[in-house]
>>> print(open('my_file_32.tsv').read())   # TSV, C-alpha atoms and all ligand atoms
chain	number	residue	atom	x	y	z
A	25	MET	CA	-22.20	-5.70	-9.39
A	26	THR	CA	-21.92	-2.34	-11.12
A	27	THR	CA	-18.33	-1.45	-11.89
A	28	ALA	CA	-18.80	1.63	-14.08
A	29	HIS	CA	-17.83	4.91	-12.44
A	30	GLU	CA	-20.02	7.95	-12.68
A	31	ARG	CA	-18.57	10.84	-14.63
A	32	MET	CA	-19.07	14.12	-12.81
A	33	GLU	CA	-19.30	17.19	-15.01
A	34	THR	CA	-18.66	19.67	-12.19
A	35	ALA	CA	-17.35	19.66	-8.65
A	36	GLY	CA	-20.99	19.91	-7.55
A	37	ASP	CA	-22.44	22.31	-5.06
A	38	PHE	CA	-23.60	22.14	-1.49
A	39	THR	CA	-26.94	23.88	-1.83
A	40	SER	CA	-28.16	21.62	-4.62
A	41	ARG	CA	-26.75	18.42	-3.15
A	42	GLU	CA	-28.88	15.32	-3.07
A	43	PRO	CA	-31.01	15.74	0.04
A	44	PRO	CA	-31.27	13.06	2.71
A	45	ILE	CA	-34.10	10.61	2.11
A	46	ARG	CA	-36.98	11.10	4.53
A	47	ARG	CA	-37.55	7.64	5.92
A	48	ALA	CA	-39.50	6.20	8.80
A	49	ASP	CA	-37.90	2.76	9.09
A	50	PHE	CA	-35.13	3.56	11.58
A	51	ARG	CA	-36.12	0.52	13.64
A	52	LYS	CA	-35.26	-1.63	10.64
A	53	ARG	CA	-32.10	0.30	9.74
A	54	ALA	CA	-30.78	2.74	12.30
A	55	PHE	CA	-29.86	6.35	11.47
A	56	THR	CA	-26.74	5.93	9.37
A	57	VAL	CA	-23.80	8.32	9.43
A	58	GLY	CA	-21.36	7.87	6.54
A	59	ILE	CA	-17.75	8.91	7.14
A	60	GLY	CA	-15.68	9.20	3.96
A	61	GLY	CA	-12.39	10.78	2.93
A	62	PRO	CA	-8.95	10.17	1.50
A	63	VAL	CA	-6.71	7.38	2.76
A	64	GLY	CA	-5.30	8.17	6.18
A	65	SER	CA	-7.25	11.39	6.78
A	66	GLY	CA	-8.46	10.20	10.18
A	67	LYS	CA	-11.74	8.39	9.53
A	68	THR	CA	-11.13	5.55	11.97
A	69	ALA	CA	-9.70	7.93	14.55
A	70	LEU	CA	-12.90	9.99	14.21
A	71	VAL	CA	-15.11	6.92	14.64
A	72	LEU	CA	-13.20	6.03	17.81
A	73	ALA	CA	-13.42	9.57	19.21
A	74	LEU	CA	-17.16	9.81	18.47
A	75	CYS	CA	-17.78	6.43	20.09
A	76	GLU	CA	-15.87	7.50	23.20
A	77	LEU	CA	-17.90	10.71	23.41
A	78	LEU	CA	-21.34	9.29	22.65
A	79	ARG	CA	-21.37	5.66	23.81
A	80	ASP	CA	-22.63	6.39	27.32
A	81	HIS	CA	-25.47	8.53	25.98
A	82	ILE	CA	-26.72	6.71	22.92
A	83	SER	CA	-26.73	3.19	21.54
A	84	LEU	CA	-24.14	2.84	18.74
A	85	ALA	CA	-22.91	0.41	16.09
A	86	VAL	CA	-20.10	0.64	13.53
A	87	VAL	CA	-19.37	-0.75	10.07
A	88	THR	CA	-15.87	-0.38	8.66
A	89	ASN	CA	-14.87	-0.78	5.01
A	90	ASP	CA	-11.36	-1.77	3.96
A	91	ILE	CA	-10.22	-3.09	0.61
A	92	PHE	CA	-8.43	-6.27	1.63
A	93	THR	CA	-8.11	-6.16	5.43
A	94	ARG	CA	-10.16	-5.77	8.59
A	95	GLU	CA	-7.57	-3.43	10.03
A	96	ASP	CA	-9.90	-0.56	10.94
A	97	TRP	CA	-12.29	-2.94	12.69
A	98	GLU	CA	-9.32	-4.49	14.55
A	99	PHE	CA	-8.14	-1.02	15.63
A	100	LEU	CA	-11.59	-0.16	16.99
A	101	VAL	CA	-11.85	-3.50	18.79
A	102	LYS	CA	-8.37	-3.08	20.28
A	103	ASN	CA	-9.24	0.41	21.48
A	104	LYS	CA	-12.62	-0.73	22.84
A	105	ALA	CA	-14.59	1.87	20.87
A	106	ILE	CA	-17.80	0.00	21.64
A	107	GLU	CA	-18.65	-3.64	22.35
A	108	LYS	CA	-17.05	-5.89	19.70
A	109	SER	CA	-20.35	-7.49	18.64
A	110	ARG	CA	-21.66	-4.04	17.67
A	111	MET	CA	-18.97	-3.60	15.00
A	112	GLU	CA	-18.71	-5.28	11.59
A	113	ALA	CA	-15.94	-5.18	8.99
A	114	VAL	CA	-16.71	-5.19	5.29
A	115	GLU	CA	-13.92	-6.16	2.90
A	116	THR	CA	-14.79	-4.41	-0.35
A	117	GLY	CA	-12.17	-6.25	-2.43
A	118	GLY	CA	-11.88	-3.33	-4.86
A	119	CYS	CA	-12.68	0.30	-5.38
A	120	PRO	CA	-14.13	1.80	-2.21
A	121	HIS	CA	-16.66	3.85	-4.25
A	122	ALA	CA	-18.62	0.78	-5.19
A	123	ALA	CA	-19.53	-0.27	-1.65
A	124	ILE	CA	-20.75	3.16	-0.53
A	125	ARG	CA	-22.28	4.45	-3.74
A	126	GLU	CA	-22.77	2.07	-6.65
A	127	ASP	CA	-23.55	-1.26	-5.02
A	128	ILE	CA	-24.26	-0.54	-1.39
A	129	SER	CA	-25.94	-3.85	-0.61
A	130	VAL	CA	-23.10	-5.23	1.52
A	131	ASN	CA	-23.16	-2.12	3.72
A	132	LEU	CA	-26.95	-1.96	3.88
A	133	ASP	CA	-26.97	-5.61	4.96
A	134	ALA	CA	-24.39	-4.96	7.68
A	135	VAL	CA	-26.28	-1.94	9.07
A	136	THR	CA	-29.60	-3.79	8.96
A	137	ARG	CA	-28.07	-6.82	10.70
A	138	LEU	CA	-26.54	-4.67	13.46
A	139	THR	CA	-29.85	-2.82	13.87
A	140	LYS	CA	-31.71	-6.12	14.31
A	141	LEU	CA	-29.16	-7.43	16.80
A	142	HIS	CA	-28.59	-4.33	18.93
A	143	ASN	CA	-31.25	-1.75	18.07
A	144	PRO	CA	-28.69	1.10	17.95
A	145	GLU	CA	-29.79	4.69	17.54
A	146	ILE	CA	-26.85	5.59	15.31
A	147	VAL	CA	-24.61	3.46	13.09
A	148	PHE	CA	-21.33	4.87	11.79
A	149	VAL	CA	-20.22	3.53	8.40
A	150	GLU	CA	-16.57	4.27	7.63
A	151	SER	CA	-15.79	4.18	3.92
A	152	GLY	CA	-12.57	2.76	2.57
A	153	GLY	CA	-10.06	5.56	1.91
A	154	ASP	CA	-10.59	7.18	-1.48
A	155	ASN	CA	-9.08	9.84	-3.74
A	156	LEU	CA	-11.56	12.76	-3.57
A	157	ALA	CA	-13.97	11.13	-6.06
A	158	ALA	CA	-16.28	9.24	-3.71
A	159	ASN	CA	-19.34	10.25	-1.80
A	160	PHE	CA	-21.97	8.19	-0.01
A	161	SER	CA	-25.22	7.22	-1.65
A	162	ARG	CA	-28.23	8.78	0.04
A	163	GLU	CA	-29.76	5.32	0.00
A	164	LEU	CA	-27.10	4.38	2.57
A	165	ALA	CA	-26.20	7.49	4.58
A	166	ASP	CA	-28.67	9.77	6.34
A	167	PHE	CA	-25.84	12.11	7.30
A	168	ILE	CA	-22.58	12.38	5.37
A	169	ILE	CA	-19.25	13.49	6.82
A	170	TYR	CA	-16.22	13.98	4.57
A	171	ILE	CA	-12.87	14.29	6.31
A	172	ILE	CA	-9.57	15.40	4.79
A	173	ASP	CA	-6.34	16.34	6.53
A	174	VAL	CA	-4.07	19.34	6.17
A	175	ALA	CA	-1.01	17.17	5.51
A	176	GLY	CA	-1.96	16.81	1.84
A	177	GLY	CA	-1.55	20.59	1.51
A	178	ASP	CA	-3.94	23.52	1.68
A	179	LYS	CA	-4.94	23.07	-1.97
A	180	ILE	CA	-7.27	20.14	-1.27
A	181	PRO	CA	-10.55	22.01	-0.56
A	182	ARG	CA	-10.38	23.95	-3.84
A	183	LYS	CA	-9.78	20.76	-5.82
A	184	GLY	CA	-13.41	19.91	-5.07
A	185	GLY	CA	-14.99	16.51	-5.52
A	186	PRO	CA	-18.37	15.38	-4.29
A	187	GLY	CA	-17.34	14.71	-0.70
A	188	ILE	CA	-15.87	18.18	-0.32
A	189	THR	CA	-18.74	20.02	-1.97
A	190	GLN	CA	-21.74	17.91	-1.03
A	191	SER	CA	-21.14	16.25	2.31
A	192	ASP	CA	-23.43	17.44	5.09
A	193	LEU	CA	-20.36	18.18	7.18
A	194	PHE	CA	-16.81	18.75	5.97
A	195	VAL	CA	-14.00	18.13	8.48
A	196	ILE	CA	-10.43	19.33	8.02
A	197	ASN	CA	-8.29	17.24	10.34
A	198	LYS	CA	-4.74	17.28	11.69
A	199	THR	CA	-4.55	21.03	12.11
A	200	ASP	CA	-1.58	20.33	14.41
A	201	LEU	CA	0.41	19.51	11.24
A	202	ALA	CA	-0.42	22.75	9.38
A	203	ASP	CA	2.84	24.53	10.20
A	204	ALA	CA	4.95	21.47	9.38
A	205	VAL	CA	3.55	21.27	5.83
A	206	GLY	CA	3.13	25.02	5.37
A	207	ALA	CA	-0.65	24.82	5.04
A	208	SER	CA	-2.64	27.99	5.56
A	209	LEU	CA	-5.69	27.18	7.70
A	210	GLU	CA	-7.14	30.60	6.94
A	211	GLY	CA	-6.87	29.90	3.20
A	212	MET	CA	-8.49	26.48	3.66
A	213	LYS	CA	-11.31	28.11	5.59
A	214	VAL	CA	-11.99	30.65	2.83
A	215	GLU	CA	-11.84	28.03	0.06
A	216	SER	CA	-14.03	25.53	1.91
A	217	HIS	CA	-16.59	28.27	2.45
A	218	ARG	CA	-16.51	29.09	-1.26
A	219	MET	CA	-16.60	25.49	-2.49
A	220	ARG	CA	-19.47	24.65	-0.10
A	221	GLN	CA	-21.45	27.89	-0.44
A	222	GLY	CA	-21.18	28.30	3.30
A	223	GLY	CA	-22.05	24.68	4.16
A	224	PRO	CA	-20.56	23.62	7.51
A	225	THR	CA	-16.84	22.96	7.86
A	226	ILE	CA	-15.07	22.06	11.10
A	227	PHE	CA	-11.34	22.17	11.77
A	228	ALA	CA	-10.25	19.32	14.02
A	229	GLU	CA	-7.39	17.53	15.70
A	230	VAL	CA	-9.08	14.20	16.08
A	231	LYS	CA	-6.03	12.55	17.60
A	232	ASN	CA	-6.01	15.17	20.36
A	233	ARG	CA	-9.83	15.12	20.61
A	234	ARG	CA	-10.25	18.68	19.38
A	235	GLY	CA	-13.43	19.45	17.41
A	236	ILE	CA	-15.15	16.17	18.30
A	237	HIS	CA	-17.88	17.77	20.38
A	238	GLN	CA	-18.80	20.12	17.50
A	239	ILE	CA	-18.89	17.22	15.04
A	240	ALA	CA	-21.10	15.24	17.43
A	241	GLN	CA	-23.46	18.21	17.73
A	242	HIS	CA	-23.98	18.26	13.95
A	243	ILE	CA	-24.68	14.52	13.94
A	244	LEU	CA	-27.14	14.69	16.85
A	245	SER	CA	-28.92	17.68	15.39
A	246	SER	CA	-29.47	15.81	12.12
A	247	TYR	CA	-30.48	12.69	14.08
A	248	ALA	CA	-33.10	14.75	15.94
A	249	THR	CA	-34.45	16.27	12.71
A	250	HIS	CA	-34.79	12.88	11.06
A	251	THR	CA	-36.04	10.75	13.91
A	252	GLY	CA	-37.77	13.26	16.17
A	253	ASN	CA	-35.61	12.03	19.08
A	254	LYS	CA	-33.59	14.70	20.86
A	255	ILE	CA	-30.44	13.81	22.73
A	256	PRO	CA	-29.44	16.72	24.95
A	257	VAL	CA	-25.99	17.63	23.75
A	258	SER	CA	-25.21	19.64	26.86
A	259	ASP	CA	-25.16	16.34	28.74
A	260	LEU	CA	-22.12	15.23	26.80
A	261	SER	CA	-18.78	15.47	28.49
A	262	VAL	CA	-16.20	16.93	26.12
A	301	LIG	N1	-1.06	14.51	13.74
A	301	LIG	C1	-2.28	14.00	13.72
A	301	LIG	N2	-2.45	12.73	13.35
A	301	LIG	C2	-3.71	12.25	13.34
A	301	LIG	C3	-4.84	13.04	13.69
A	301	LIG	N3	-5.95	12.28	13.55
A	301	LIG	C4	-5.53	11.07	13.13
A	301	LIG	N4	-4.19	11.05	13.02
A	301	LIG	C5	-3.32	9.92	12.62
A	301	LIG	O1	-3.44	9.70	11.23
A	301	LIG	C6	-3.23	8.32	10.92
A	301	LIG	C7	-4.35	7.80	10.06
A	301	LIG	O2	-5.55	7.85	10.83
A	301	LIG	P1	-6.74	6.86	10.53
A	301	LIG	O3	-7.83	7.18	11.48
A	301	LIG	O4	-6.26	5.47	10.46
A	301	LIG	O5	-7.12	7.32	9.04
A	301	LIG	P2	-8.20	6.67	8.07
A	301	LIG	O6	-8.78	7.79	7.29
A	301	LIG	O7	-9.14	5.82	8.83
A	301	LIG	O8	-7.29	5.76	7.14
A	301	LIG	P3	-7.77	4.65	6.07
A	301	LIG	O9	-8.95	3.94	6.66
A	301	LIG	O10	-6.58	3.77	5.91
A	301	LIG	O11	-8.13	5.40	4.82
A	301	LIG	C8	-3.13	7.60	12.26
A	301	LIG	O12	-1.77	7.38	12.54
A	301	LIG	C9	-3.73	8.61	13.25
A	301	LIG	O13	-3.21	8.50	14.55
A	301	LIG	C10	-4.62	14.40	14.09
A	301	LIG	O14	-5.54	15.16	14.44
A	301	LIG	N5	-3.32	14.81	14.08
A	302	MG	MG	-9.70	3.87	8.53
>>> encode(input="my_file_32.tsv", output="structure tokens")
Amino acid sequence: MTTAHERMETAGDFTSREPPIRRADFRKRAFTVGIGGPVGSGKTALVLALCELLRDHISLAVVTNDIFTREDWEFLVKNKAIEKSRMEAVETGGCPHAAIREDISVNLDAVTRLTKLHNPEIVFVESGGDNLAANFSRELADFIIYIIDVAGGDKIPRKGGPGITQSDLFVINKTDLADAVGASLEGMKVESHRMRQGGPTIFAEVKNRRGIHQIAQHILSSYATHTGNKIPVSDLSV
């Protein structure tokens, strides 16, 4: 297993980010949506909310990554996100970067296994919580979401990092906490726009199911582009 970390010379930029790989083997490994972000930013809450919104319209599966526990998987099972057999937990046993970027085999195996068993249209892969330095490998994720929360302060978008600058969709969660921590949402909007050269950013309150429909629209639009299958978004109940 590779343990060396890549050294990034710059924060990277959205327009020259690594493009998704054009592939035609979605029957072997379903369209894979990577969800990364700092510890506690709301990744599992987002997976649950997306499952609730999409599960009656599209066949889904989920892979969770935790360092030493299966806690996220247990949370999704407890909350009946989707059928238990459609969800797998990966215990990375170390740095979360490795399993989504440097040695992705354990995640690729899990997604391939779930695809064979259930033939899902979309598989969500939740990364272990990181520290702004991780982003998904394009060999694993066809669509990359990076989610932070406002509770860490409004400085986070300008700190950069590959998830912030190069994810296909950047989500700023827990806007309900902005006043409590004195975070300026307007400032975060301006800085995200600058750091991502206008790449999409969505403000959300995942816990209160705000912004989920918009996030789902981005996912389904990318799914349609890659697979040629359109799922009419207007059919989704918000
Ligand atoms: N106030 C508020 N809390 C939220 C929101 N979304 C999620 N949370 C809470 O934030 C906490 C962490 O959410 P998780 O979904 O577990 O975060 P995570 O990114 O999966 O965490 P790790 O997997 O441990 O890195 C939970 O207590 C959620 O209920 C939100 O929009 N507002
Ligand atoms: Mg989680």
>>> closest_residue(input="my_file_32.tsv", among="A:Glu150, A:Cys75, A:Asp49, A:Ala105", to="ligand MG 302 (chain A)", atoms="all atoms listed in the file")
A:Glu150
>>> closest_residue(input="my_file_32.tsv", among="A:Pro43, A:Gly66, A:Gly117, A:Pro224", to="ligand LIG 301 (chain A)", atoms="all atoms listed in the file")
A:Gly66
>>> closest_atom_pairs(input="my_file_32.tsv", of="chain A", to="ligand MG 302 (chain A)", cutoff="7 Å", atoms="only C-alpha atoms and all ligand atoms", output="tab-separated table")
residue	atom	partner	partner_atom	distance
A:Gly64	CA	A:MG302	MG	6.6
A:Gly66	CA	A:MG302	MG	6.7
A:Lys67	CA	A:MG302	MG	5.1
A:Thr68	CA	A:MG302	MG	4.1
A:Asp96	CA	A:MG302	MG	5.0
A:Glu150	CA	A:MG302	MG	6.9
A:Gly152	CA	A:MG302	MG	6.7
A:Gly153	CA	A:MG302	MG	6.8
>>> atom_distance(input="my_file_32.tsv", atom1="atom CA of A:Ala202", atom2="atom N1 of ligand LIG 301 (chain A)")
9.3 Å
>>> residues_near_ligand(input="my_file_32.tsv", ligand="ligand LIG 301 (chain A)", cutoff="9 Å", atoms="all atoms listed in the file", output="NGL selection string")
:A and (60-72 or 88-90 or 95-96 or 99 or 150-154 or 171-173 or 175 or 197-201 or 228-234)
>>> write_last_selection(input="my_file_32.tsv", atoms="C-alpha atoms", output="mmCIF file, in the coordinates of the input")
data_model
loop_
_atom_site.group_PDB
_atom_site.id
_atom_site.type_symbol
_atom_site.label_atom_id
_atom_site.label_comp_id
_atom_site.auth_asym_id
_atom_site.auth_seq_id
_atom_site.Cartn_x
_atom_site.Cartn_y
_atom_site.Cartn_z
ATOM 1 C CA GLY A 60 -15.680 9.200 3.960
ATOM 2 C CA GLY A 61 -12.390 10.780 2.930
ATOM 3 C CA PRO A 62 -8.950 10.170 1.500
ATOM 4 C CA VAL A 63 -6.710 7.380 2.760
ATOM 5 C CA GLY A 64 -5.300 8.170 6.180
ATOM 6 C CA SER A 65 -7.250 11.390 6.780
ATOM 7 C CA GLY A 66 -8.460 10.200 10.180
ATOM 8 C CA LYS A 67 -11.740 8.390 9.530
ATOM 9 C CA THR A 68 -11.130 5.550 11.970
ATOM 10 C CA ALA A 69 -9.700 7.930 14.550
ATOM 11 C CA LEU A 70 -12.900 9.990 14.210
ATOM 12 C CA VAL A 71 -15.110 6.920 14.640
ATOM 13 C CA LEU A 72 -13.200 6.030 17.810
ATOM 14 C CA THR A 88 -15.870 -0.380 8.660
ATOM 15 C CA ASN A 89 -14.870 -0.780 5.010
ATOM 16 C CA ASP A 90 -11.360 -1.770 3.960
ATOM 17 C CA GLU A 95 -7.570 -3.430 10.030
ATOM 18 C CA ASP A 96 -9.900 -0.560 10.940
ATOM 19 C CA PHE A 99 -8.140 -1.020 15.630
ATOM 20 C CA GLU A 150 -16.570 4.270 7.630
ATOM 21 C CA SER A 151 -15.790 4.180 3.920
ATOM 22 C CA GLY A 152 -12.570 2.760 2.570
ATOM 23 C CA GLY A 153 -10.060 5.560 1.910
ATOM 24 C CA ASP A 154 -10.590 7.180 -1.480
ATOM 25 C CA ILE A 171 -12.870 14.290 6.310
ATOM 26 C CA ILE A 172 -9.570 15.400 4.790
ATOM 27 C CA ASP A 173 -6.340 16.340 6.530
ATOM 28 C CA ALA A 175 -1.010 17.170 5.510
ATOM 29 C CA ASN A 197 -8.290 17.240 10.340
ATOM 30 C CA LYS A 198 -4.740 17.280 11.690
ATOM 31 C CA THR A 199 -4.550 21.030 12.110
ATOM 32 C CA ASP A 200 -1.580 20.330 14.410
ATOM 33 C CA LEU A 201 0.410 19.510 11.240
ATOM 34 C CA ALA A 228 -10.250 19.320 14.020
ATOM 35 C CA GLU A 229 -7.390 17.530 15.700
ATOM 36 C CA VAL A 230 -9.080 14.200 16.080
ATOM 37 C CA LYS A 231 -6.030 12.550 17.600
ATOM 38 C CA ASN A 232 -6.010 15.170 20.360
ATOM 39 C CA ARG A 233 -9.830 15.120 20.610
ATOM 40 C CA ARG A 234 -10.250 18.680 19.380
#
>>> closest_residue(input="my_file_32.tsv", among="A:Phe38, A:Tyr247, A:Tyr170, A:Phe160", to="A:Phe194", atoms="all atoms listed in the file")
A:Tyr170
>>> atom_distance(input="my_file_32.tsv", atom1="atom CA of A:Ile45", atom2="atom CA of A:Ile124")
15.5 Å
>>> residues_around(input="my_file_32.tsv", residues="A:Glu98", least_positions_apart="2", cutoff="10 Å", atoms="all atoms listed in the file", output="ChimeraX atom specification")
/A:88,93-96,100-104,108,111-113
>>> atom_distance(input="my_file_32.tsv", atom1="atom CA of A:Val174", atom2="atom CA of A:Gly187")
15.6 Å
>>> residues_around(input="my_file_32.tsv", residues="A:Leu193", least_positions_apart="3", cutoff="8 Å", atoms="all atoms listed in the file", output="number ranges by chain")
A: 168-170, 223-226, 242
>>> write_last_selection(input="my_file_32.tsv", atoms="C-alpha atoms", output="CSV table (one decimal), in the frame of the given file")
chain,number,residue,atom,x,y,z
A,168,ILE,CA,-22.6,12.4,5.4
A,169,ILE,CA,-19.2,13.5,6.8
A,170,TYR,CA,-16.2,14.0,4.6
A,223,GLY,CA,-22.0,24.7,4.2
A,224,PRO,CA,-20.6,23.6,7.5
A,225,THR,CA,-16.8,23.0,7.9
A,226,ILE,CA,-15.1,22.1,11.1
A,242,HIS,CA,-24.0,18.3,14.0
>>> residues_near_point(input="my_file_32.tsv", point="(-19.6, 7.7, 25.7)", cutoff="12 Å", atoms="only C-alpha atoms", output="NGL selection string")
:A and (71-84 or 104-107 or 237 or 240 or 257 or 259-262)
>>> closest_residue(input="my_file_32.tsv", among="A:Val114, A:Ala158, A:Ile128, A:Ile146", to="A:Ile243", atoms="all atoms listed in the file")
A:Ile146
>>> closest_residue(input="my_file_32.tsv", among="A:Ser129, A:Thr249, A:Ser40, A:Thr34", to="A:Gln221", atoms="only C-alpha atoms")
A:Ser40
>>> closest_residue(input="my_file_32.tsv", among="A:Asp178, A:Asp37, A:Glu163, A:Asp203", to="A:Asp127", atoms="all atoms listed in the file")
A:Glu163
>>> residues_around(input="my_file_32.tsv", residues="A:Lys52", least_positions_apart="3", cutoff="9 Å", atoms="all atoms listed in the file", output="list in words")
Asp49, Thr136, Arg137, Thr139, Lys140 and Asn143 of chain A
>>> residues_around(input="my_file_32.tsv", residues="A:Val214", least_positions_apart="6", cutoff="10 Å", atoms="all atoms listed in the file", output="list in words")
Pro181, Arg182 and Gly222 of chain A
>>> decode(input="my_file_32.tsv", residues="stretch 122-137 of chain A", atoms="N, CA and C atoms", output="PDB file, in the first residue's frame")
ATOM      1  N   ALA A 122      -5.692   7.799   1.892  1.00  0.00           N
ATOM      2  CA  ALA A 122      -5.209   6.621   1.186  1.00  0.00           C
ATOM      3  C   ALA A 122      -6.361   5.913   0.476  1.00  0.00           C
ATOM      4  N   ALA A 123      -7.454   5.678   1.197  1.00  0.00           N
ATOM      5  CA  ALA A 123      -8.518   4.834   0.660  1.00  0.00           C
ATOM      6  C   ALA A 123      -9.355   5.499  -0.434  1.00  0.00           C
ATOM      7  N   ILE A 124      -9.250   6.831  -0.562  1.00  0.00           N
ATOM      8  CA  ILE A 124     -10.017   7.474  -1.640  1.00  0.00           C
ATOM      9  C   ILE A 124      -9.114   8.046  -2.725  1.00  0.00           C
ATOM     10  N   ARG A 125      -7.811   8.018  -2.493  1.00  0.00           N
ATOM     11  CA  ARG A 125      -6.930   8.635  -3.493  1.00  0.00           C
ATOM     12  C   ARG A 125      -5.722   7.774  -3.852  1.00  0.00           C
ATOM     13  N   GLU A 126      -5.004   7.292  -2.833  1.00  0.00           N
ATOM     14  CA  GLU A 126      -3.710   6.670  -3.139  1.00  0.00           C
ATOM     15  C   GLU A 126      -3.820   5.172  -3.368  1.00  0.00           C
ATOM     16  N   ASP A 127      -4.603   4.493  -2.542  1.00  0.00           N
ATOM     17  CA  ASP A 127      -4.845   3.073  -2.777  1.00  0.00           C
ATOM     18  C   ASP A 127      -6.341   2.828  -2.619  1.00  0.00           C
ATOM     19  N   ILE A 128      -7.023   2.982  -3.748  1.00  0.00           N
ATOM     20  CA  ILE A 128      -8.490   2.995  -3.707  1.00  0.00           C
ATOM     21  C   ILE A 128      -9.091   1.601  -3.851  1.00  0.00           C
ATOM     22  N   SER A 129      -8.245   0.574  -3.842  1.00  0.00           N
ATOM     23  CA  SER A 129      -8.736  -0.765  -4.191  1.00  0.00           C
ATOM     24  C   SER A 129      -9.871  -1.233  -3.285  1.00  0.00           C
ATOM     25  N   VAL A 130      -9.786  -0.918  -1.989  1.00  0.00           N
ATOM     26  CA  VAL A 130     -10.813  -1.418  -1.069  1.00  0.00           C
ATOM     27  C   VAL A 130     -12.179  -0.776  -1.394  1.00  0.00           C
ATOM     28  N   ASN A 131     -12.149   0.491  -1.797  1.00  0.00           N
ATOM     29  CA  ASN A 131     -13.403   1.152  -2.181  1.00  0.00           C
ATOM     30  C   ASN A 131     -13.895   0.685  -3.552  1.00  0.00           C
ATOM     31  N   LEU A 132     -12.963   0.526  -4.485  1.00  0.00           N
ATOM     32  CA  LEU A 132     -13.373   0.024  -5.805  1.00  0.00           C
ATOM     33  C   LEU A 132     -14.012  -1.357  -5.666  1.00  0.00           C
ATOM     34  N   ASP A 133     -13.410  -2.195  -4.816  1.00  0.00           N
ATOM     35  CA  ASP A 133     -13.959  -3.542  -4.610  1.00  0.00           C
ATOM     36  C   ASP A 133     -15.368  -3.464  -4.033  1.00  0.00           C
ATOM     37  N   ALA A 134     -15.553  -2.584  -3.055  1.00  0.00           N
ATOM     38  CA  ALA A 134     -16.876  -2.470  -2.410  1.00  0.00           C
ATOM     39  C   ALA A 134     -17.919  -1.994  -3.420  1.00  0.00           C
ATOM     40  N   VAL A 135     -17.574  -0.994  -4.230  1.00  0.00           N
ATOM     41  CA  VAL A 135     -18.554  -0.477  -5.209  1.00  0.00           C
ATOM     42  C   VAL A 135     -18.848  -1.545  -6.271  1.00  0.00           C
ATOM     43  N   THR A 136     -17.826  -2.240  -6.704  1.00  0.00           N
ATOM     44  CA  THR A 136     -18.025  -3.282  -7.719  1.00  0.00           C
ATOM     45  C   THR A 136     -18.897  -4.411  -7.172  1.00  0.00           C
ATOM     46  N   ARG A 137     -18.631  -4.778  -5.913  1.00  0.00           N
ATOM     47  CA  ARG A 137     -19.422  -5.853  -5.282  1.00  0.00           C
ATOM     48  C   ARG A 137     -20.889  -5.443  -5.172  1.00  0.00           C
TER      49      ARG A 137
END
